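Text of structure.txt, listed as compact mmCIF, C-alpha atoms:
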# COMPACT_ATOMS: atom_id res chain seq x y z
CA MET A 1 -33.14 -50.36 0.20
CA PRO A 2 -35.37 -47.79 1.86
CA LEU A 3 -33.55 -44.82 3.36
CA ASP A 4 -35.24 -45.38 6.70
CA SER A 5 -33.33 -48.53 7.35
CA LEU A 6 -30.06 -46.62 6.91
CA ALA A 7 -31.02 -43.86 9.29
CA TYR A 8 -30.34 -45.66 12.54
CA PRO A 9 -26.89 -47.06 11.74
CA LEU A 10 -25.94 -43.69 10.22
CA ALA A 11 -27.07 -41.87 13.33
CA VAL A 12 -25.11 -44.21 15.53
CA PHE A 13 -22.03 -43.82 13.32
CA LEU A 14 -22.19 -40.01 13.33
CA ASP A 15 -23.01 -39.80 16.98
CA LEU A 16 -20.45 -42.29 18.20
CA PRO A 17 -17.46 -39.96 18.60
CA PHE A 18 -19.56 -37.56 20.62
CA ARG A 19 -20.97 -40.12 23.02
CA GLU A 20 -17.53 -40.57 24.34
CA GLY A 21 -16.74 -37.10 25.76
CA TYR A 22 -13.05 -37.74 25.30
CA VAL A 23 -13.17 -37.54 21.49
CA SER A 24 -15.30 -34.44 21.37
CA SER A 25 -13.01 -32.77 23.86
CA ILE A 26 -10.05 -33.58 21.61
CA ILE A 27 -11.79 -31.97 18.64
CA TYR A 28 -12.76 -28.99 20.75
CA VAL A 29 -9.27 -28.53 22.20
CA SER A 30 -7.65 -28.92 18.77
CA LEU A 31 -9.85 -26.23 17.24
CA TYR A 32 -9.58 -23.98 20.28
CA VAL A 33 -5.81 -24.19 20.58
CA SER A 34 -5.17 -23.91 16.83
CA GLY A 35 -7.63 -21.05 16.46
CA ILE A 36 -6.11 -19.00 19.25
CA ALA A 37 -2.56 -19.74 18.06
CA VAL A 38 -3.31 -18.78 14.46
CA GLY A 39 -5.16 -15.64 15.57
CA LEU A 40 -2.21 -14.50 17.67
CA SER A 41 0.23 -15.48 14.97
CA THR A 42 -1.69 -13.44 12.36
CA LEU A 43 -1.65 -10.36 14.58
CA PHE A 44 2.08 -10.82 14.95
CA SER A 45 3.00 -11.90 11.41
CA ILE A 46 1.24 -9.32 9.26
CA PRO A 47 2.92 -6.26 10.80
CA VAL A 48 6.23 -8.15 10.55
CA ALA A 49 5.57 -8.94 6.88
CA LEU A 50 4.61 -5.30 6.17
CA THR A 51 7.74 -4.03 7.92
CA MET A 52 9.94 -6.49 6.10
CA GLY A 53 8.25 -5.75 2.80
CA PHE A 54 8.64 -2.01 2.86
CA THR A 55 11.58 -1.06 5.00
CA ASP A 56 15.23 -1.92 4.93
CA PHE A 57 16.96 -2.75 8.16
CA PRO A 58 20.14 -4.58 9.06
CA GLY A 59 19.63 -8.31 9.40
CA LYS A 60 16.62 -8.41 7.11
CA ARG A 61 18.12 -11.10 4.90
CA ILE A 62 19.01 -13.23 7.88
CA LEU A 63 15.51 -12.83 9.30
CA LYS A 64 14.09 -13.88 5.95
CA SER A 65 16.25 -17.01 5.97
CA VAL A 66 15.19 -17.81 9.52
CA ILE A 67 11.52 -17.53 8.53
CA ASN A 68 11.98 -19.66 5.45
CA THR A 69 13.83 -22.25 7.47
CA GLY A 70 11.06 -22.15 10.05
CA MET A 71 8.55 -23.11 7.37
CA GLY A 72 10.19 -26.47 6.99
CA PHE A 73 11.16 -27.00 10.60
CA PRO A 74 10.10 -30.45 11.84
CA SER A 75 7.19 -30.11 14.18
CA VAL A 76 8.72 -32.48 16.71
CA VAL A 77 11.76 -30.23 17.00
CA VAL A 78 9.52 -27.23 17.59
CA GLY A 79 7.73 -29.25 20.25
CA LEU A 80 10.99 -30.16 21.96
CA LEU A 81 12.22 -26.56 21.92
CA VAL A 82 8.97 -25.34 23.45
CA LEU A 83 9.16 -28.18 25.96
CA PHE A 84 12.61 -27.00 27.03
CA ALA A 85 11.33 -23.45 27.25
CA VAL A 86 8.32 -24.22 29.42
CA SER A 87 9.86 -26.94 31.55
CA ASN A 88 10.75 -26.10 35.12
CA GLN A 89 14.34 -25.17 34.32
CA GLY A 90 13.44 -23.36 31.06
CA PRO A 91 13.11 -19.61 30.58
CA LEU A 92 9.32 -19.83 30.85
CA GLY A 93 9.48 -22.38 33.64
CA THR A 94 8.19 -20.04 36.31
CA PHE A 95 4.84 -19.74 34.53
CA ASP A 96 4.12 -23.43 35.10
CA LEU A 97 2.90 -23.97 31.57
CA ILE A 98 4.01 -27.48 30.92
CA PHE A 99 1.28 -29.88 29.76
CA THR A 100 -1.24 -27.06 29.48
CA ARG A 101 -3.24 -25.60 26.63
CA GLU A 102 -1.15 -22.47 26.87
CA ALA A 103 1.95 -24.52 26.09
CA MET A 104 0.14 -26.02 23.12
CA ILE A 105 -0.73 -22.53 21.93
CA ILE A 106 2.90 -21.44 22.20
CA SER A 107 4.00 -24.47 20.24
CA GLN A 108 1.40 -23.93 17.53
CA PHE A 109 2.22 -20.25 17.40
CA ALA A 110 5.82 -21.21 16.66
CA LEU A 111 4.62 -23.58 13.95
CA ALA A 112 2.14 -21.24 12.29
CA THR A 113 4.15 -18.02 12.35
CA PRO A 114 6.77 -18.87 9.70
CA PRO A 115 4.29 -19.84 6.95
CA ILE A 116 1.95 -16.94 7.77
CA THR A 117 4.82 -14.44 7.73
CA ALA A 118 6.50 -15.83 4.62
CA ILE A 119 3.35 -16.11 2.52
CA SER A 120 2.08 -12.70 3.71
CA LEU A 121 5.47 -11.21 2.86
CA ALA A 122 5.26 -12.61 -0.66
CA ALA A 123 1.71 -11.24 -0.96
CA VAL A 124 2.48 -7.71 0.28
CA THR A 125 5.64 -7.37 -1.78
CA GLY A 126 3.55 -8.40 -4.78
CA VAL A 127 1.39 -5.28 -4.37
CA ASP A 128 2.11 -2.73 -7.10
CA ASP A 129 4.55 -0.08 -5.81
CA ASP A 130 2.58 2.62 -7.58
CA VAL A 131 -0.62 1.66 -5.77
CA ARG A 132 1.22 1.94 -2.45
CA ASP A 133 2.71 5.28 -3.45
CA ALA A 134 -0.70 6.47 -4.63
CA ALA A 135 -2.06 5.88 -1.13
CA HIS A 136 0.83 7.97 0.19
CA VAL A 137 0.68 10.91 -2.24
CA LEU A 138 -3.10 11.14 -1.89
CA GLY A 139 -2.55 12.01 1.74
CA GLY A 140 -2.53 8.67 3.54
CA THR A 141 -0.58 8.21 6.78
CA SER A 142 1.71 5.19 7.18
CA LEU A 143 -1.22 3.31 8.72
CA ASP A 144 -3.47 4.22 5.77
CA VAL A 145 -0.82 2.98 3.36
CA ALA A 146 -0.44 -0.27 5.32
CA LEU A 147 -4.22 -0.80 5.24
CA VAL A 148 -4.28 -0.28 1.47
CA VAL A 149 -1.47 -2.81 1.05
CA VAL A 150 -3.24 -5.36 3.27
CA LYS A 151 -6.44 -4.86 1.33
CA GLU A 152 -4.70 -5.26 -2.02
CA ALA A 153 -2.96 -8.41 -0.77
CA ARG A 154 -6.02 -9.82 1.00
CA TYR A 155 -6.25 -13.05 -1.00
CA GLY A 156 -2.59 -13.81 -0.46
CA ILE A 157 -2.92 -13.03 3.24
CA ALA A 158 -6.00 -15.26 3.50
CA THR A 159 -3.97 -18.05 1.90
CA ALA A 160 -1.23 -17.41 4.44
CA ILE A 161 -3.63 -17.68 7.37
CA LEU A 162 -5.17 -20.88 6.01
CA ALA A 163 -1.73 -22.37 5.47
CA GLY A 164 -0.80 -21.41 9.02
CA PHE A 165 -3.97 -22.98 10.38
CA GLY A 166 -3.33 -26.09 8.34
CA ARG A 167 0.17 -26.44 9.75
CA ALA A 168 -0.96 -25.72 13.29
CA ILE A 169 -3.79 -28.20 13.38
CA SER A 170 -2.08 -30.98 11.44
CA GLU A 171 1.26 -31.02 13.23
CA VAL A 172 0.22 -33.11 16.19
CA GLY A 173 3.81 -34.07 16.89
CA SER A 174 4.80 -30.80 18.40
CA VAL A 175 1.79 -30.26 20.58
CA LEU A 176 1.68 -33.78 21.88
CA ILE A 177 5.05 -33.30 23.47
CA VAL A 178 4.06 -30.19 25.38
CA GLY A 179 0.35 -30.87 25.72
CA ALA A 180 0.75 -34.47 26.84
CA THR A 181 -1.61 -37.29 26.10
CA SER A 182 -2.52 -38.20 29.62
CA ARG A 183 -6.01 -39.56 29.52
CA ARG A 184 -6.40 -39.12 33.22
CA ARG A 185 -6.07 -35.38 32.78
CA GLY A 186 -8.32 -35.10 29.73
CA ALA A 187 -6.88 -33.51 26.62
CA SER A 188 -4.47 -31.55 28.71
CA ARG A 189 -4.40 -30.39 32.27
CA ARG A 190 -5.60 -27.01 33.39
CA ARG A 191 -2.96 -24.50 34.19
CA GLY A 192 -1.76 -24.16 37.75
CA ARG A 193 -2.85 -27.55 38.92
CA MET B 1 4.19 28.26 -4.06
CA ILE B 2 6.39 25.19 -4.34
CA ARG B 3 10.09 26.00 -4.47
CA LEU B 4 12.89 23.59 -5.17
CA GLU B 5 16.37 24.84 -4.42
CA ASP B 6 19.65 23.24 -5.47
CA LEU B 7 18.03 19.89 -5.42
CA SER B 8 20.06 16.76 -6.07
CA HIS B 9 19.04 13.16 -5.91
CA ALA B 10 20.85 9.88 -6.28
CA TYR B 11 19.82 6.23 -6.11
CA GLY B 12 22.83 4.71 -4.42
CA ASP B 13 25.75 5.84 -6.53
CA GLU B 14 23.63 6.72 -9.52
CA ARG B 15 23.01 10.44 -9.72
CA VAL B 16 19.62 11.27 -11.22
CA LEU B 17 19.15 14.95 -10.54
CA ALA B 18 21.73 17.64 -9.89
CA ASP B 19 21.24 21.24 -8.79
CA VAL B 20 17.63 21.55 -9.84
CA SER B 21 15.91 24.80 -8.89
CA LEU B 22 12.33 25.42 -9.85
CA THR B 23 9.24 27.25 -8.62
CA VAL B 24 5.59 26.48 -9.21
CA ASP B 25 3.03 29.21 -8.56
CA PRO B 26 -0.67 28.73 -7.96
CA GLY B 27 -2.65 29.16 -11.16
CA GLU B 28 0.06 28.15 -13.59
CA VAL B 29 0.91 25.02 -15.53
CA VAL B 30 4.57 24.08 -15.63
CA ALA B 31 5.67 21.38 -18.03
CA ILE B 32 8.78 19.37 -17.30
CA ILE B 33 10.02 18.21 -20.66
CA GLY B 34 12.70 15.64 -21.18
CA PRO B 35 13.39 12.25 -22.67
CA SER B 36 12.30 9.05 -20.94
CA GLY B 37 14.39 7.95 -18.00
CA VAL B 38 15.87 11.37 -17.33
CA GLY B 39 14.40 11.71 -13.84
CA LYS B 40 11.07 13.45 -14.42
CA THR B 41 9.22 10.94 -12.27
CA THR B 42 11.77 11.26 -9.48
CA LEU B 43 11.41 15.04 -9.61
CA LEU B 44 7.63 14.79 -9.34
CA ARG B 45 7.85 12.35 -6.43
CA ILE B 46 10.13 14.77 -4.66
CA LEU B 47 7.64 17.56 -5.31
CA ALA B 48 4.89 15.33 -3.87
CA LEU B 49 7.06 14.76 -0.76
CA ASN B 50 6.89 11.07 -1.56
CA ARG B 51 10.66 10.88 -1.74
CA ARG B 52 13.25 12.77 0.19
CA PRO B 53 15.96 14.34 -1.99
CA THR B 54 19.55 13.52 -1.11
CA GLU B 55 20.40 17.22 -1.13
CA GLY B 56 18.64 20.55 -1.42
CA THR B 57 15.42 21.99 -0.08
CA VAL B 58 11.78 21.55 -0.96
CA GLU B 59 9.68 24.46 0.19
CA LEU B 60 5.91 24.31 0.14
CA ASP B 61 3.97 27.50 0.87
CA GLY B 62 6.97 28.90 2.70
CA GLN B 63 7.77 25.85 4.80
CA ARG B 64 10.75 23.59 4.37
CA ALA B 65 9.11 20.22 4.01
CA TRP B 66 11.99 18.11 5.30
CA SER B 67 12.85 20.35 8.25
CA VAL B 68 9.44 20.15 9.89
CA ASP B 69 8.09 17.24 11.93
CA GLU B 70 6.16 14.32 10.52
CA SER B 71 2.65 15.61 11.27
CA ARG B 72 3.40 19.02 9.77
CA ARG B 73 4.82 17.31 6.69
CA LEU B 74 1.65 15.23 6.37
CA GLU B 75 -0.29 18.48 6.36
CA LEU B 76 1.93 19.86 3.59
CA ARG B 77 1.75 16.60 1.67
CA ARG B 78 -2.01 16.83 1.74
CA ARG B 79 -1.94 20.04 -0.28
CA VAL B 80 -0.59 18.10 -3.23
CA GLY B 81 -2.29 15.65 -5.56
CA MET B 82 -0.49 13.36 -7.95
CA VAL B 83 -1.41 11.25 -10.95
CA PHE B 84 1.00 8.50 -11.95
CA GLN B 85 1.88 7.41 -15.44
CA ARG B 86 -0.08 4.21 -14.85
CA ALA B 87 -3.49 4.75 -13.31
CA SER B 88 -2.59 2.70 -10.17
CA LEU B 89 -6.15 2.48 -8.94
CA PHE B 90 -7.09 0.62 -5.78
CA ASP B 91 -8.95 -2.66 -6.03
CA ALA B 92 -12.32 -1.10 -5.22
CA SER B 93 -15.18 0.76 -6.87
CA VAL B 94 -14.62 3.99 -8.78
CA ALA B 95 -16.44 5.86 -6.02
CA ARG B 96 -14.16 4.50 -3.29
CA ASN B 97 -11.08 5.28 -5.35
CA VAL B 98 -12.09 8.87 -5.92
CA ALA B 99 -13.17 9.30 -2.31
CA TYR B 100 -9.87 7.95 -0.94
CA GLY B 101 -8.22 11.33 -0.43
CA LEU B 102 -11.28 12.62 1.40
CA ARG B 103 -11.54 9.48 3.50
CA VAL B 104 -7.99 9.57 4.84
CA ARG B 105 -8.46 13.19 5.86
CA ARG B 106 -11.34 12.31 8.16
CA SER B 107 -11.06 11.21 11.76
CA TRP B 108 -11.06 7.49 12.47
CA ARG B 109 -14.39 7.83 14.18
CA THR B 110 -16.06 9.30 11.12
CA ARG B 111 -14.39 6.74 8.92
CA LEU B 112 -15.66 3.91 11.08
CA ALA B 113 -19.17 5.36 11.06
CA ASP B 114 -18.99 5.71 7.27
CA GLY B 115 -17.80 2.11 7.01
CA VAL B 116 -20.80 0.88 8.99
CA ARG B 117 -23.13 3.04 6.96
CA SER B 118 -21.79 1.69 3.69
CA LEU B 119 -22.32 -1.85 5.00
CA VAL B 120 -25.96 -1.01 5.58
CA GLY B 121 -25.93 0.50 2.11
CA SER B 122 -27.02 4.02 2.93
CA ASN B 123 -23.85 5.87 2.09
CA ASP B 124 -24.28 8.99 0.00
CA LEU B 125 -21.59 9.98 -2.44
CA PRO B 126 -19.73 13.10 -1.26
CA ALA B 127 -20.40 16.08 -3.51
CA ALA B 128 -16.67 16.50 -4.15
CA VAL B 129 -16.49 12.99 -5.60
CA GLU B 130 -19.37 13.71 -7.95
CA GLU B 131 -17.80 16.98 -9.03
CA ALA B 132 -14.42 15.38 -9.68
CA LEU B 133 -16.05 12.64 -11.74
CA ASP B 134 -17.98 15.27 -13.69
CA VAL B 135 -14.71 16.95 -14.65
CA VAL B 136 -13.49 13.75 -16.29
CA GLU B 137 -16.98 12.85 -17.56
CA LEU B 138 -17.22 9.54 -15.72
CA ARG B 139 -20.18 10.14 -13.44
CA ASP B 140 -21.97 7.13 -14.91
CA LYS B 141 -19.15 4.72 -13.94
CA VAL B 142 -19.27 5.58 -10.25
CA ASP B 143 -20.32 2.12 -9.04
CA GLN B 144 -18.15 0.17 -11.42
CA ASP B 145 -15.15 -1.85 -10.29
CA ALA B 146 -12.10 0.33 -10.95
CA ARG B 147 -10.04 -2.57 -12.28
CA SER B 148 -12.60 -3.24 -15.02
CA LEU B 149 -12.20 0.16 -16.65
CA SER B 150 -10.39 0.77 -19.93
CA GLY B 151 -6.94 2.37 -19.80
CA GLY B 152 -8.24 5.80 -20.68
CA GLU B 153 -11.09 5.66 -18.20
CA ALA B 154 -8.76 4.39 -15.46
CA GLN B 155 -6.40 7.29 -16.03
CA ARG B 156 -9.33 9.73 -15.88
CA VAL B 157 -10.47 8.19 -12.59
CA SER B 158 -6.92 8.55 -11.32
CA PHE B 159 -7.10 12.22 -12.26
CA ALA B 160 -10.44 12.64 -10.50
CA ARG B 161 -9.01 10.88 -7.44
CA ALA B 162 -6.24 13.49 -7.18
CA LEU B 163 -8.69 16.33 -7.74
CA ALA B 164 -11.45 15.28 -5.34
CA TYR B 165 -9.89 16.57 -2.13
CA ASP B 166 -9.22 19.96 -3.67
CA PRO B 167 -5.41 20.10 -3.49
CA ALA B 168 -3.51 23.32 -4.06
CA TYR B 169 -1.05 21.64 -6.40
CA LEU B 170 -1.49 18.90 -8.93
CA LEU B 171 1.38 16.81 -10.26
CA LEU B 172 0.88 14.75 -13.40
CA ASP B 173 3.42 12.19 -14.53
CA GLU B 174 3.00 11.54 -18.26
CA PRO B 175 -0.75 11.47 -17.73
CA THR B 176 -1.64 10.86 -21.37
CA SER B 177 1.24 8.78 -22.69
CA ASP B 178 -0.93 5.69 -23.21
CA LEU B 179 -4.17 7.40 -24.12
CA ASP B 180 -6.12 7.94 -27.33
CA PRO B 181 -6.79 11.49 -28.60
CA ARG B 182 -10.22 11.72 -27.01
CA ASN B 183 -9.04 10.78 -23.53
CA THR B 184 -5.97 12.98 -23.97
CA GLY B 185 -8.22 15.88 -24.89
CA LEU B 186 -10.38 15.30 -21.82
CA ILE B 187 -7.39 15.28 -19.48
CA GLU B 188 -5.85 18.35 -21.08
CA ALA B 189 -9.15 20.20 -20.73
CA ALA B 190 -9.29 19.15 -17.08
CA VAL B 191 -5.77 20.49 -16.56
CA GLY B 192 -6.88 23.86 -17.97
CA GLU B 193 -9.88 23.83 -15.69
CA ALA B 194 -7.69 23.10 -12.67
CA ARG B 195 -5.40 25.98 -13.53
CA ASP B 196 -8.36 28.33 -13.88
CA ARG B 197 -9.46 27.31 -10.39
CA GLY B 198 -6.08 28.43 -9.11
CA LEU B 199 -4.21 25.15 -8.81
CA GLY B 200 -0.50 25.04 -9.52
CA VAL B 201 -0.05 22.20 -12.00
CA VAL B 202 3.16 20.39 -12.93
CA VAL B 203 3.05 18.07 -15.93
CA ALA B 204 5.96 15.81 -16.75
CA THR B 205 5.84 14.89 -20.40
CA HIS B 206 7.98 13.80 -23.30
CA ASP B 207 5.32 15.07 -25.69
CA MET B 208 6.50 18.54 -26.66
CA HIS B 209 3.31 19.36 -28.51
CA GLN B 210 1.34 18.67 -25.37
CA ALA B 211 3.64 20.97 -23.41
CA GLU B 212 3.06 23.69 -25.98
CA ARG B 213 -0.70 23.20 -25.79
CA ILE B 214 -1.19 23.29 -22.04
CA ALA B 215 1.80 24.78 -20.24
CA ASP B 216 2.49 28.38 -19.29
CA ARG B 217 6.09 27.64 -18.50
CA ALA B 218 8.38 24.83 -19.47
CA ALA B 219 11.40 23.37 -17.72
CA VAL B 220 13.68 21.26 -19.87
CA LEU B 221 15.33 18.36 -18.06
CA LEU B 222 18.33 16.95 -19.91
CA GLY B 223 21.16 14.90 -18.53
CA ASP B 224 20.70 15.30 -14.80
CA GLY B 225 19.74 18.97 -14.59
CA LEU B 226 17.38 21.63 -15.92
CA THR B 227 18.95 23.23 -18.97
CA GLU B 228 16.34 25.91 -19.33
CA VAL B 229 13.22 27.22 -17.60
CA GLY B 230 10.92 29.85 -19.07
CA PRO B 231 7.68 30.68 -20.87
CA THR B 232 6.74 27.74 -23.09
CA GLU B 233 6.47 29.76 -26.26
CA ARG B 234 9.85 31.37 -25.78
CA ILE B 235 11.52 28.04 -25.07
CA PHE B 236 10.13 26.45 -28.19
CA GLU B 237 10.79 29.40 -30.47
CA ASP B 238 13.99 30.80 -29.13
CA PRO B 239 15.82 28.50 -26.74
CA THR B 240 18.93 30.08 -25.32
CA ASP B 241 20.61 26.86 -24.28
CA GLU B 242 22.31 24.89 -27.02
CA ARG B 243 21.29 21.48 -25.67
CA THR B 244 17.68 22.61 -25.31
CA ARG B 245 17.72 23.82 -28.91
CA LYS B 246 19.08 20.48 -30.11
CA PHE B 247 16.57 18.52 -28.03
CA ILE B 248 13.62 20.54 -29.30
CA SER B 249 14.69 20.29 -32.91
CA GLY B 250 15.12 16.54 -32.45
CA GLU B 251 18.87 16.47 -32.99
CA LEU B 252 19.72 15.50 -29.46
CA VAL B 253 18.52 11.98 -28.97
CA TYR B 254 19.23 10.18 -25.69
Please rewrite the model in this file as structure tokens.
Amino acid sequence: MPLDSLAYPLAVFLDLPFREGYVSSIIYVSLYVSGIAVGLSTLFSIPVALTMGFTDFPGKRILKSVINTGMGFPSVVVGLLVLFAVSNQGPLGTFDLIFTREAMIISQFALATPPITAISLAAVTGVDDDVRDAAHVLGGTSLDVALVVVKEARYGIATAILAGFGRAISEVGSVLIVGATSRRRGASRRRGR
Amino acid sequence: MIRLEDLSHAYGDERVLADVSLTVDPGEVVAIIGPSGVGKTTLLRILALNRRPTEGTVELDGQRAWSVDESRRLELRRRVGMVFQRASLFDASVARNVAYGLRVRRSWRTRLADGVRSLVGSNDLPAAVEEALDVVELRDKVDQDARSLSGGEAQRVSFARALAYDPAYLLLDEPTSDLDPRNTGLIEAAVGEARDRGLGVVVATHDMHQAERIADRAAVLLGDGLTEVGPTERIFEDPTDERTRKFISGELVY
């Protein structure tokens, strides 16, 4: 069969989801919301992992358990908790976030943070103590030492971010609850409407 | 001068060092001799201001290192270079490893500019890095990945890394324990060179012959304290302390 005869049906097949603006907007919103959530979560998680990896403080073991539990937390439960938080009577109720992208970002942040923190923690604690101390005795400040550790653990941290992104984008359950599925409002309504 | 006074250190309940007093002058090599696990590494880390002793004072060039504020201590810390027993190189090129000490001493603005320049590929090697690599005869490995070096080469790079920023004191923790005679010879020659340039060098070693070869003074660490400190030759030929005598003659085995 000549390739030409395949071209038209193929084009229709590939183009189909994008003809209907609804589908493309779903893809766009999914990537947008997950990307922002994972970015914020990374900025939050890596300093937490570094602090947990290299300092001792009261409650560290409990925090570690909370993070590990969070890794396996059902996404629907996370969604419900965020829903309570952003609903009118919730602690974030005044910000009018319910059924918005911001609420989805909060929910995905809560989903992505435990795996990113836990895997980053494993990666940074895996860095050779002597390498860390070398950065210190050669004259590095605490920030220099942290940068060396992050650089040494970069593959592990990249894995952590990918795992976090995977969890954020795949766990539809949690974001559906707070993002809503109302077709009338598109993928989710704009804030403040 | 580095001065330790009545220094004690413990890890939890385990006492490692007790009442250690020691001075290191510029232009001399002091060997800390003792069996493995006696606390030589801990002592060196305390000298490097990497660890805070549980008791006692560490004085560097007349300033009490743990009584001053953080930024002043950083300044003091930066007068000291240290080489660990394992090379502990960063996962980067030899050049970047050796330049590390210089890099962290620059302002963030310069560092950022250097980073951009190295991305474009027009970064010249600082002269100090070249000189330090010349001392350990590894100029030709400058672009190599540090983790691909042999053990001896890695340890020499580690030495060059501590030398590159021109510290006033150099601390070496068993720097040649895993090395062949050639690499050992190179490091020992570099230690002599550093002393001649006026650096105060402290070498922790369990190799008594090495201490005899390179050190002006020796401090014998047995149990948890220094049993004897003095000119190397005198300590080896005529130790006054009974435990030192037994350790040197090989009778006292821990």
Item to check | Within 7 Å of Asp241 in chain B using only C-alpha atoms, minus same-chain residues under 2 positions, as JSON, numbers by chain | outcome: {"B": [227, 228, 239, 243, 244, 245]}
Using all atoms listed in the file, which residues of chain A come within 8 Å of chain B, and what is the closest atom pair for each, with the distance in Å to one decimal? Give it as JSON lines, sorted by chain and residue number.
{"residue": "A:Asp128", "atom": "CA", "partner": "B:Ser88", "partner_atom": "CA", "distance": 7.8}
{"residue": "A:Asp130", "atom": "CA", "partner": "B:Ser88", "partner_atom": "CA", "distance": 5.8}
{"residue": "A:Val131", "atom": "CA", "partner": "B:Ser88", "partner_atom": "CA", "distance": 4.9}
{"residue": "A:Asp133", "atom": "CA", "partner": "B:Asn50", "partner_atom": "CA", "distance": 7.4}
{"residue": "A:Ala134", "atom": "CA", "partner": "B:Ser88", "partner_atom": "CA", "distance": 7.0}
{"residue": "A:His136", "atom": "CA", "partner": "B:Asn50", "partner_atom": "CA", "distance": 7.0}
{"residue": "A:Val137", "atom": "CA", "partner": "B:Asn50", "partner_atom": "CA", "distance": 6.2}
{"residue": "A:Leu138", "atom": "CA", "partner": "B:Gly101", "partner_atom": "CA", "distance": 5.3}
{"residue": "A:Gly139", "atom": "CA", "partner": "B:Arg78", "partner_atom": "CA", "distance": 4.9}
{"residue": "A:Gly140", "atom": "CA", "partner": "B:Val104", "partner_atom": "CA", "distance": 5.7}
{"residue": "A:Thr141", "atom": "CA", "partner": "B:Leu74", "partner_atom": "CA", "distance": 7.4}
{"residue": "A:Asp144", "atom": "CA", "partner": "B:Val104", "partner_atom": "CA", "distance": 7.1}
{"residue": "A:Val148", "atom": "CA", "partner": "B:Phe90", "partner_atom": "CA", "distance": 7.8}
{"residue": "A:Glu152", "atom": "CA", "partner": "B:Asp91", "partner_atom": "CA", "distance": 6.4}
List as a compact mmCIF listing (two decimals) with C-alpha atoms, in the frame of the given file the protein and nucleic acid residues near Pro47 in chain A, meaning an atom at most 12 Å away when all atoms listed in the file are counted, but skip any in the same chain fewer than 4 places from it.
# COMPACT_ATOMS: atom_id res chain seq x y z
CA LEU A 40 -2.21 -14.50 17.67
CA SER A 41 0.23 -15.48 14.97
CA THR A 42 -1.69 -13.44 12.36
CA LEU A 43 -1.65 -10.36 14.58
CA THR A 51 7.74 -4.03 7.92
CA MET A 52 9.94 -6.49 6.10
CA GLY A 53 8.25 -5.75 2.80
CA PHE A 54 8.64 -2.01 2.86
CA THR A 55 11.58 -1.06 5.00
CA THR A 113 4.15 -18.02 12.35
CA ILE A 116 1.95 -16.94 7.77
CA THR A 117 4.82 -14.44 7.73
CA ALA A 118 6.50 -15.83 4.62
CA SER A 120 2.08 -12.70 3.71
CA LEU A 121 5.47 -11.21 2.86
CA VAL A 124 2.48 -7.71 0.28
CA LEU A 143 -1.22 3.31 8.72
CA ALA A 146 -0.44 -0.27 5.32
CA LEU A 147 -4.22 -0.80 5.24
CA VAL A 149 -1.47 -2.81 1.05
CA VAL A 150 -3.24 -5.36 3.27
CA ILE A 157 -2.92 -13.03 3.24
Checklist entry - Restricting the calculation to all atoms listed in the file, which member of B:Trp66, B:Tyr169, B:Phe159, B:Phe236 is positioned closest to Leu186 in chain B? => result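 The answer is B:Phe159, which sits nearest to Leu186 in chain B.
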Next on the checklist: Counting only C-alpha atoms, which residues sit no farther than 9 Å from the position (1.5, 16.9, -14.1) in the file's frame? I'd like them as a ChimeraX atom specification.
Outcome noted: /B:29-32,44,82-84,170-175,191,201-205
Some atoms are absent from range 133-141 of chain B, so rebuild N, CA and C atoms and return them as a short mmCIF file (atom, residue, chain, number, x, y, z; two decimals), in the frame of the given file.
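So rebuild-v5.cif came out as:
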data_model
loop_
_atom_site.label_atom_id
_atom_site.label_comp_id
_atom_site.auth_asym_id
_atom_site.auth_seq_id
_atom_site.Cartn_x
_atom_site.Cartn_y
_atom_site.Cartn_z
N LEU B 133 -15.72 13.57 -10.67
CA LEU B 133 -16.05 12.64 -11.74
C LEU B 133 -16.71 13.37 -12.92
N ASP B 134 -17.40 14.46 -12.62
CA ASP B 134 -17.98 15.27 -13.69
C ASP B 134 -16.88 15.88 -14.56
N VAL B 135 -15.80 16.33 -13.91
CA VAL B 135 -14.71 16.95 -14.65
C VAL B 135 -14.15 15.99 -15.71
N VAL B 136 -14.04 14.71 -15.33
CA VAL B 136 -13.49 13.75 -16.29
C VAL B 136 -14.59 12.97 -17.02
N GLU B 137 -15.82 13.42 -16.86
CA GLU B 137 -16.98 12.85 -17.56
C GLU B 137 -17.14 11.35 -17.32
N LEU B 138 -17.06 10.97 -16.05
CA LEU B 138 -17.22 9.54 -15.72
C LEU B 138 -18.24 9.32 -14.61
N ARG B 139 -19.17 10.24 -14.49
CA ARG B 139 -20.18 10.14 -13.44
C ARG B 139 -20.95 8.82 -13.52
N ASP B 140 -21.16 8.34 -14.73
CA ASP B 140 -21.97 7.13 -14.91
C ASP B 140 -21.23 5.85 -14.50
N LYS B 141 -19.91 5.94 -14.28
CA LYS B 141 -19.15 4.72 -13.94
C LYS B 141 -18.93 4.60 -12.44
#
